Amino acid sequence: MGRRTGWAARTLAAVREDMWVCRCHRLLDAYAAAPGWEEGHRLLVRRPVLLDERGDVVIGEFVVAAERVGLSEVAERYAFYRGILRRYREVGPERALRELTSDEDDAVIDLAERATAAYERYHEGCGPDTLDAAVRGYEEVLARAVAVPTRAVARTNLGLMLLDRAERDGSAGDTERGLALLEDAVVRTPPGSPERKDRTVNLAGGLLQRHRLDGDTGALDRALALLEPLVDASAPTAADDDPGAVVLWLNLGSAHYARYSTVGDQAELEAAIGCYRRAVAVAVAAVADAQPWSSGRLLGNLAVALSERYQRTGNQADLDGSLECIERTIGVTPGGSPERPARLALHAILLLERHDARGALADLDLAVEKFASALHETPENSPERLLREGESGAVLLARYQRTGELADLDESVAVLRRAVRGRGYEAEDEAVLWGQFGTSLRVRARRRHDRDDAGQAVAALRRAVTLATGTPSRAIDLNNLGGALRLQAELLGTQDPLAEAITAYRDALDHLPPGSPRHTAALGNLGTALLARAESARDEAELDEAVRVLSAAVAGTDESAPDLAGRWCNLGHGLRVRHQRTGQARDVEAATAAYRGSCSRARLASPEAGLLAGRAWGLWAHSRGAHAEASEAFGHASEAAERLMRTQSGREAVEVWLAEFLEVPAHAAYALAATGGARAAAVQLERGRARSLSRALERGRAQLGLLAAVRPDFVERYRRAATRVTVLEAAELAGVRPSGTPTAEV
């Protein structure tokens, strides 16, 4: 009997529970259907079932159930009323009703307007204090506001301000509080209203920021889930007449780009570009002046996305479009804006990309200028300060590769070393900095034949590869790691690093789009690694593969690209080795053409490649008894060496290049003598000896301290003369006649 009674009691309780839940559901629907807040208020006071904790739990279950079956609008409506009912419990029924029905106090409105004006001044470049003042202002607004609409606006604006401050200072606390306020603002805004849509877009932007800070993929997924239902990507919508549409398309584009950066899906990159273009079109057509900083931000994001697509496809139109966007961005970014340094740095990076593609020295010079401006405009206490310094290391390396100035290379290593020791970077930025640091170390290790630098380069690039796991940039780091391993094998005289380098290159190629500049670079590097292993192992099949790969790298490089000189040189090496191995006559002609092409292109693009190609070509021609050819080759090497040594800023740097040049004069003299140029041969020998001695008093950098103490006028005359000669020589190399230079009578 007792068991039966217990069963009946439990059954009755379950039925009563179901009845209670149904009653809650009916009351909630009745409250939502009330014609006004006062009528709904009277219902709640008369039947307060929804105002206790148990009612809150049940409404939460309604929200979950609606979401589970895909009724998102129903879930939003339940969540909205749940927020109102919670406010009833927090402050009491009378105050809750007053908040829903009262007009806001004029003093609070004035305070909000002043805080908003301070926020706008911050984006116009008035300094970080204006953002802090705006935050304080809206904190007070939120504390004093009574009306629900004012409180929702205050939550939204304060949330956005805290997110901006988090981006400025790297504060995780500001990020989390900002997100919580934005979330609360969405929940407390009536479903279906325009304000609800705008606040949802803002919440998605905050989630994207958290993803950037800590790589939280859940935040990224939720941002996309919030944004995608708000747009119909297949056709224009009325949303395009709404100023909020700019931010909607901007954030949706940023979400797709973040997904692309995470998984490397080309479709995500295309979607991002499409969204950014849509945002630009809306801004130009309807709301160009609504939010000036948003206009700059979306143009900057479009610039980044187009640059990334250029790197994947090699389409020069994307590179030009990217530069046009960033120049327009800087044009609408006021001086002092917190976003200006990053945009200047991006402009510099894009100029470097165009220099790498087309070889215009003016782009390199302008990139140096832009990087310097970006660093100058970044506050000393900014978390981005070391990042800006690290980026300057990249342009210093690029300038070294163009001019051979070793001081630039040493400074590149130094600034990047400081940068990677910094803290507070986003994971993607940290990977980039370690990759740049490893690359600079690798280049210096090759130039100075330094095993320690080579080992550090391998370690740095391994770290970059690890940090970039799962991102498109990992392939770039793998390519650079292959270069460091290949050099380590060469310096240590062991094959193990070389085998790992080849594996790294092949892995990189598997993840780089064929035809892109990055793919071509990795292809050329794989060819040199295969050539090195084939030379050591005497593997004919691998030697043939190396030549094929090196040929493909040359064919895939634009005629105006500075890297073409080095790739022609490497192909010449491969063809020369195969001729020496097999004796194929056609390889002699092809190798000679490759070396000649390298020397020709190196005259204004890469003096280092000119020295290496001319020296290797000359020594090979000498071994074949082709004295006229050797004389031509050594002539190129001598010219390149002169250019390299003229650019150096110190004796030690000169000696590094002099060591690469020392064997050239004697061989050049022999080749000249063998072709009947005895007088020219003697001059060549003396010039080589003079070069070795004269660098001790290198013009423009001579140790003139003692002379200055007794005849300062002589020192000044010497410097003026040295400057004049340097200008004339540079003009001669460039094929330009400076004004005032006498010309021959004709």
# chains A, B, ... in the order shown; residues from 1 in each chain; ligands from 1

$ residues_around --residues "Arg210 (chain A)" --least-positions-apart "5" --cutoff "12 Å" --atoms "only C-alpha atoms" --output "VMD selection string"
chain A and resid 163 to 164 166 to 167 170 to 179 203 to 205 215 to 223 255 258 426

$ write_last_selection --atoms "N, CA and C atoms" --output "PDB file, in the first residue's frame"
ATOM      1  N   LEU A 163      35.791  47.868 -25.599  1.00  0.00           N
ATOM      2  CA  LEU A 163      36.475  47.048 -26.601  1.00  0.00           C
ATOM      3  C   LEU A 163      37.580  47.840 -27.293  1.00  0.00           C
ATOM      4  N   ASP A 164      37.327  49.113 -27.576  1.00  0.00           N
ATOM      5  CA  ASP A 164      38.374  49.951 -28.158  1.00  0.00           C
ATOM      6  C   ASP A 164      39.539  50.108 -27.189  1.00  0.00           C
ATOM      7  N   ALA A 166      40.354  47.988 -24.877  1.00  0.00           N
ATOM      8  CA  ALA A 166      41.039  46.691 -24.830  1.00  0.00           C
ATOM      9  C   ALA A 166      41.987  46.524 -26.006  1.00  0.00           C
ATOM     10  N   GLU A 167      41.540  46.998 -27.181  1.00  0.00           N
ATOM     11  CA  GLU A 167      42.410  46.919 -28.355  1.00  0.00           C
ATOM     12  C   GLU A 167      43.621  47.829 -28.187  1.00  0.00           C
ATOM     13  N   GLY A 170      45.339  46.086 -24.706  1.00  0.00           N
ATOM     14  CA  GLY A 170      45.481  44.640 -24.577  1.00  0.00           C
ATOM     15  C   GLY A 170      44.826  44.070 -23.329  1.00  0.00           C
ATOM     16  N   SER A 171      43.781  44.728 -22.804  1.00  0.00           N
ATOM     17  CA  SER A 171      43.155  44.312 -21.549  1.00  0.00           C
ATOM     18  C   SER A 171      42.086  43.255 -21.791  1.00  0.00           C
ATOM     19  N   ALA A 172      42.314  42.046 -21.250  1.00  0.00           N
ATOM     20  CA  ALA A 172      41.297  40.994 -21.360  1.00  0.00           C
ATOM     21  C   ALA A 172      40.066  41.348 -20.537  1.00  0.00           C
ATOM     22  N   GLY A 173      40.265  42.047 -19.413  1.00  0.00           N
ATOM     23  CA  GLY A 173      39.132  42.435 -18.577  1.00  0.00           C
ATOM     24  C   GLY A 173      38.181  43.362 -19.296  1.00  0.00           C
ATOM     25  N   ASP A 174      38.730  44.366 -20.002  1.00  0.00           N
ATOM     26  CA  ASP A 174      37.876  45.272 -20.777  1.00  0.00           C
ATOM     27  C   ASP A 174      37.141  44.514 -21.875  1.00  0.00           C
ATOM     28  N   THR A 175      37.824  43.541 -22.487  1.00  0.00           N
ATOM     29  CA  THR A 175      37.174  42.760 -23.545  1.00  0.00           C
ATOM     30  C   THR A 175      35.974  42.007 -23.003  1.00  0.00           C
ATOM     31  N   GLU A 176      36.152  41.324 -21.878  1.00  0.00           N
ATOM     32  CA  GLU A 176      35.056  40.517 -21.337  1.00  0.00           C
ATOM     33  C   GLU A 176      33.892  41.390 -20.864  1.00  0.00           C
ATOM     34  N   ARG A 177      34.219  42.503 -20.202  1.00  0.00           N
ATOM     35  CA  ARG A 177      33.131  43.369 -19.729  1.00  0.00           C
ATOM     36  C   ARG A 177      32.418  44.021 -20.912  1.00  0.00           C
ATOM     37  N   GLY A 178      33.189  44.439 -21.914  1.00  0.00           N
ATOM     38  CA  GLY A 178      32.571  45.027 -23.093  1.00  0.00           C
ATOM     39  C   GLY A 178      31.617  44.057 -23.768  1.00  0.00           C
ATOM     40  N   LEU A 179      32.048  42.787 -23.894  1.00  0.00           N
ATOM     41  CA  LEU A 179      31.185  41.776 -24.503  1.00  0.00           C
ATOM     42  C   LEU A 179      29.921  41.553 -23.665  1.00  0.00           C
ATOM     43  N   LEU A 203      27.753  43.254 -31.181  1.00  0.00           N
ATOM     44  CA  LEU A 203      28.150  42.095 -30.375  1.00  0.00           C
ATOM     45  C   LEU A 203      29.041  41.160 -31.191  1.00  0.00           C
ATOM     46  N   ALA A 204      28.662  40.940 -32.444  1.00  0.00           N
ATOM     47  CA  ALA A 204      29.487  40.089 -33.305  1.00  0.00           C
ATOM     48  C   ALA A 204      30.881  40.676 -33.474  1.00  0.00           C
ATOM     49  N   GLY A 205      30.971  42.018 -33.616  1.00  0.00           N
ATOM     50  CA  GLY A 205      32.286  42.657 -33.718  1.00  0.00           C
ATOM     51  C   GLY A 205      33.122  42.430 -32.471  1.00  0.00           C
ATOM     52  N   GLY A 215      42.387  33.747 -30.016  1.00  0.00           N
ATOM     53  CA  GLY A 215      42.175  32.617 -30.923  1.00  0.00           C
ATOM     54  C   GLY A 215      40.964  31.768 -30.596  1.00  0.00           C
ATOM     55  N   ASP A 216      40.009  32.309 -29.864  1.00  0.00           N
ATOM     56  CA  ASP A 216      38.815  31.560 -29.458  1.00  0.00           C
ATOM     57  C   ASP A 216      37.934  31.281 -30.684  1.00  0.00           C
ATOM     58  N   THR A 217      37.974  30.046 -31.196  1.00  0.00           N
ATOM     59  CA  THR A 217      37.189  29.712 -32.390  1.00  0.00           C
ATOM     60  C   THR A 217      35.694  29.710 -32.090  1.00  0.00           C
ATOM     61  N   GLY A 218      35.331  29.447 -30.829  1.00  0.00           N
ATOM     62  CA  GLY A 218      33.914  29.509 -30.474  1.00  0.00           C
ATOM     63  C   GLY A 218      33.358  30.908 -30.644  1.00  0.00           C
ATOM     64  N   ALA A 219      34.162  31.925 -30.286  1.00  0.00           N
ATOM     65  CA  ALA A 219      33.725  33.312 -30.471  1.00  0.00           C
ATOM     66  C   ALA A 219      33.551  33.624 -31.952  1.00  0.00           C
ATOM     67  N   LEU A 220      34.457  33.113 -32.795  1.00  0.00           N
ATOM     68  CA  LEU A 220      34.353  33.331 -34.237  1.00  0.00           C
ATOM     69  C   LEU A 220      33.097  32.661 -34.795  1.00  0.00           C
ATOM     70  N   ASP A 221      32.855  31.423 -34.393  1.00  0.00           N
ATOM     71  CA  ASP A 221      31.678  30.705 -34.894  1.00  0.00           C
ATOM     72  C   ASP A 221      30.384  31.425 -34.487  1.00  0.00           C
ATOM     73  N   ARG A 222      30.356  31.920 -33.256  1.00  0.00           N
ATOM     74  CA  ARG A 222      29.141  32.603 -32.811  1.00  0.00           C
ATOM     75  C   ARG A 222      28.951  33.912 -33.562  1.00  0.00           C
ATOM     76  N   ALA A 223      30.055  34.634 -33.831  1.00  0.00           N
ATOM     77  CA  ALA A 223      29.949  35.885 -34.585  1.00  0.00           C
ATOM     78  C   ALA A 223      29.326  35.635 -35.954  1.00  0.00           C
ATOM     79  N   ALA A 255      34.663  38.447 -40.236  1.00  0.00           N
ATOM     80  CA  ALA A 255      34.445  37.080 -39.753  1.00  0.00           C
ATOM     81  C   ALA A 255      34.898  36.059 -40.793  1.00  0.00           C
ATOM     82  N   ALA A 258      38.675  36.063 -40.882  1.00  0.00           N
ATOM     83  CA  ALA A 258      39.229  35.344 -39.728  1.00  0.00           C
ATOM     84  C   ALA A 258      39.111  33.837 -39.928  1.00  0.00           C
ATOM     85  N   GLU A 426      49.221  39.259 -30.403  1.00  0.00           N
ATOM     86  CA  GLU A 426      48.283  38.252 -30.872  1.00  0.00           C
ATOM     87  C   GLU A 426      49.099  37.105 -31.465  1.00  0.00           C
TER      88      GLU A 426
END

$ closest_residue --among "A:Val148, A:Leu28, A:Val332, A:Leu491" --to "Gly125 (chain A)" --atoms "only C-alpha atoms"
A:Val332

$ closest_atom_pairs --of "region 294-364 of chain A" --to "region 112-124 of chain A" --cutoff "12 Å" --atoms "only C-alpha atoms" --output "Markdown table"
| residue | atom | partner | partner_atom | distance |
| --- | --- | --- | --- | --- |
| A:Ser294 | CA | A:His123 | CA | 9.7 |
| A:Ser295 | CA | A:His123 | CA | 11.7 |
| A:Gly296 | CA | A:His123 | CA | 10.6 |
| A:Arg297 | CA | A:His123 | CA | 11.1 |
| A:Val332 | CA | A:Glu124 | CA | 9.7 |
| A:Thr333 | CA | A:Glu124 | CA | 7.5 |
| A:Pro334 | CA | A:Glu124 | CA | 5.7 |
| A:Gly335 | CA | A:Glu124 | CA | 7.7 |
| A:Gly336 | CA | A:Glu124 | CA | 7.4 |
| A:Ser337 | CA | A:Glu124 | CA | 5.7 |
| A:Pro338 | CA | A:His123 | CA | 7.2 |
| A:Glu339 | CA | A:His123 | CA | 8.2 |
| A:Arg340 | CA | A:His123 | CA | 10.0 |

$ write_last_selection --atoms "N, CA and C atoms" --output "short mmCIF file (atom, residue, chain, number, x, y, z; two decimals), in the first residue's frame"
data_model
loop_
_atom_site.label_atom_id
_atom_site.label_comp_id
_atom_site.auth_asym_id
_atom_site.auth_seq_id
_atom_site.Cartn_x
_atom_site.Cartn_y
_atom_site.Cartn_z
N SER A 294 34.91 54.11 -39.46
CA SER A 294 34.48 52.85 -40.08
C SER A 294 34.88 52.82 -41.54
N SER A 295 34.78 53.96 -42.23
CA SER A 295 35.19 54.03 -43.63
C SER A 295 36.66 53.65 -43.78
N GLY A 296 37.50 54.20 -42.91
CA GLY A 296 38.92 53.86 -42.96
C GLY A 296 39.17 52.41 -42.63
N ARG A 297 38.42 51.89 -41.67
CA ARG A 297 38.64 50.51 -41.25
C ARG A 297 38.27 49.53 -42.35
N VAL A 332 41.72 59.25 -45.14
CA VAL A 332 40.58 59.58 -44.26
C VAL A 332 40.92 59.35 -42.79
N THR A 333 42.17 59.00 -42.50
CA THR A 333 42.58 58.76 -41.10
C THR A 333 43.30 60.00 -40.59
N PRO A 334 42.74 60.69 -39.61
CA PRO A 334 43.37 61.93 -39.13
C PRO A 334 44.67 61.66 -38.38
N GLY A 335 45.56 62.64 -38.39
CA GLY A 335 46.78 62.53 -37.63
C GLY A 335 46.47 62.37 -36.15
N GLY A 336 47.20 61.49 -35.49
CA GLY A 336 46.95 61.23 -34.08
C GLY A 336 45.95 60.12 -33.83
N SER A 337 45.28 59.62 -34.88
CA SER A 337 44.34 58.52 -34.71
C SER A 337 45.09 57.28 -34.23
N PRO A 338 44.51 56.52 -33.28
CA PRO A 338 45.20 55.31 -32.81
C PRO A 338 45.36 54.25 -33.88
N GLU A 339 44.58 54.37 -34.97
CA GLU A 339 44.67 53.37 -36.03
C GLU A 339 45.67 53.77 -37.13
N ARG A 340 46.14 54.99 -37.09
CA ARG A 340 47.02 55.48 -38.16
C ARG A 340 48.36 54.71 -38.25
#

$ select_by_dssp --residues "region 412-624 of chain A" --states "alpha helix (DSSP H)" --output "ChimeraX atom specification"
/A:412-420,427-448,451-467,473-492,496-510,517-537,540-555,563-582,585-605,607-623

$ residues_around --residues "region 499-510 of chain A" --least-positions-apart "4" --cutoff "6 Å" --atoms "only C-alpha atoms" --output "PyMOL selection string"
chain A and resi 475+478-479+482+485-486+526

$ write_last_selection --atoms "C-alpha atoms" --output "CSV table (one decimal), in the first residue's frame"
chain,number,residue,atom,x,y,z
A,475,ALA,CA,53.4,27.4,-45.5
A,478,LEU,CA,58.0,26.2,-43.7
A,479,ASN,CA,59.6,27.7,-46.8
A,482,GLY,CA,63.7,25.0,-45.4
A,485,LEU,CA,68.0,24.0,-42.7
A,486,ARG,CA,69.6,24.0,-46.2
A,526,LEU,CA,63.3,23.5,-53.5

$ atom_distance --atom1 "CA of Leu351 (chain A)" --atom2 "CA of Asp363 (chain A)"
5.4 Å

$ residues_around --residues "Leu550 (chain A)" --least-positions-apart "3" --cutoff "7 Å" --atoms "only C-alpha atoms" --output "PDB file with N, CA and C atoms, in the first residue's frame"
ATOM      1  N   GLY A 524      61.652  27.731 -56.293  1.00  0.00           N
ATOM      2  CA  GLY A 524      63.065  28.017 -56.505  1.00  0.00           C
ATOM      3  C   GLY A 524      63.931  27.489 -55.379  1.00  0.00           C
ATOM      4  N   GLY A 527      64.376  23.779 -55.639  1.00  0.00           N
ATOM      5  CA  GLY A 527      65.359  23.453 -56.678  1.00  0.00           C
ATOM      6  C   GLY A 527      66.786  23.551 -56.175  1.00  0.00           C
ATOM      7  N   ALA A 546      66.149  18.846 -60.160  1.00  0.00           N
ATOM      8  CA  ALA A 546      66.550  20.170 -59.679  1.00  0.00           C
ATOM      9  C   ALA A 546      66.526  21.185 -60.816  1.00  0.00           C
ATOM     10  N   VAL A 547      67.060  20.801 -61.976  1.00  0.00           N
ATOM     11  CA  VAL A 547      67.095  21.714 -63.120  1.00  0.00           C
ATOM     12  C   VAL A 547      65.675  22.033 -63.581  1.00  0.00           C
ATOM     13  N   ALA A 553      60.828  27.791 -61.707  1.00  0.00           N
ATOM     14  CA  ALA A 553      60.855  28.983 -60.859  1.00  0.00           C
ATOM     15  C   ALA A 553      61.187  30.224 -61.676  1.00  0.00           C
ATOM     16  N   VAL A 554      62.135  30.111 -62.597  1.00  0.00           N
ATOM     17  CA  VAL A 554      62.465  31.245 -63.464  1.00  0.00           C
ATOM     18  C   VAL A 554      61.266  31.603 -64.338  1.00  0.00           C
ATOM     19  N   LEU A 571      69.602  28.752 -61.559  1.00  0.00           N
ATOM     20  CA  LEU A 571      69.430  27.883 -62.721  1.00  0.00           C
ATOM     21  C   LEU A 571      70.761  27.695 -63.433  1.00  0.00           C
TER      22      LEU A 571
END

$ closest_atom_pairs --of "region 302-383 of chain A" --to "region 403-425 of chain A" --cutoff "12 Å" --atoms "only C-alpha atoms" --output "CSV"
residue,atom,partner,partner_atom,distance
A:Leu361,CA,A:Thr403,CA,10.1
A:Leu364,CA,A:Thr403,CA,10.8
A:Asp365,CA,A:Thr403,CA,11.6
A:Val368,CA,A:Asp408,CA,11.5
A:Ser382,CA,A:Gly424,CA,10.4
A:Pro383,CA,A:Gly424,CA,6.7

$ write_last_selection --atoms "C-alpha atoms" --output "CSV table (one decimal), in the first residue's frame"
chain,number,residue,atom,x,y,z
A,361,LEU,CA,63.5,51.4,-56.1
A,364,LEU,CA,61.4,50.5,-51.4
A,365,ASP,CA,62.4,54.1,-50.4
A,368,VAL,CA,61.2,52.8,-45.5
A,382,SER,CA,51.6,51.1,-26.7
A,383,PRO,CA,51.5,47.3,-26.8

$ residues_around --residues "Arg196 (chain A)" --least-positions-apart "3" --cutoff "12 Å" --atoms "only C-alpha atoms" --output "list in words"
Glu73, Glu76, Arg77, Phe80, Pro149, Ala152, Val153, Thr156, Leu182, Glu183, Asp184, Ala185, Val186, Val187, Arg188, Thr189, Pro190, Pro191, Gly192, Ser193, Arg199, Thr200, Val201, Asn202, Leu203, Leu226, Leu230 and Gly244 of chain A

$ residues_around --residues "Lys370 (chain A)" --least-positions-apart "6" --cutoff "9 Å" --atoms "only C-alpha atoms" --output "list in words"
Leu344, Ala345, Leu346, His347 and Ala348 of chain A

$ atom_distance --atom1 "CA of Ala602 (chain A)" --atom2 "CA of Asp320 (chain A)"
25.0 Å

$ atom_distance --atom1 "CA of Ala459 (chain A)" --atom2 "CA of Val395 (chain A)"
22.1 Å

$ closest_residue --among "A:Glu90, A:Glu428, A:Asp563, A:Glu99" --to "Asp356 (chain A)" --atoms "only C-alpha atoms"
A:Asp563

$ residues_around --residues "Ser473 (chain A)" --least-positions-apart "3" --cutoff "9 Å" --atoms "only C-alpha atoms" --output "VMD selection string"
chain A and resid 261 264 428 431 to 432 465 468 to 470 476 to 478

$ closest_residue --among "A:Leu498, A:Ala616, A:Ala521, A:Val58" --to "Asn480 (chain A)" --atoms "only C-alpha atoms"
A:Ala521

$ closest_residue --among "A:Asp496, A:Asp429, A:Glu490, A:Glu67" --to "Ala445 (chain A)" --atoms "only C-alpha atoms"
A:Glu490
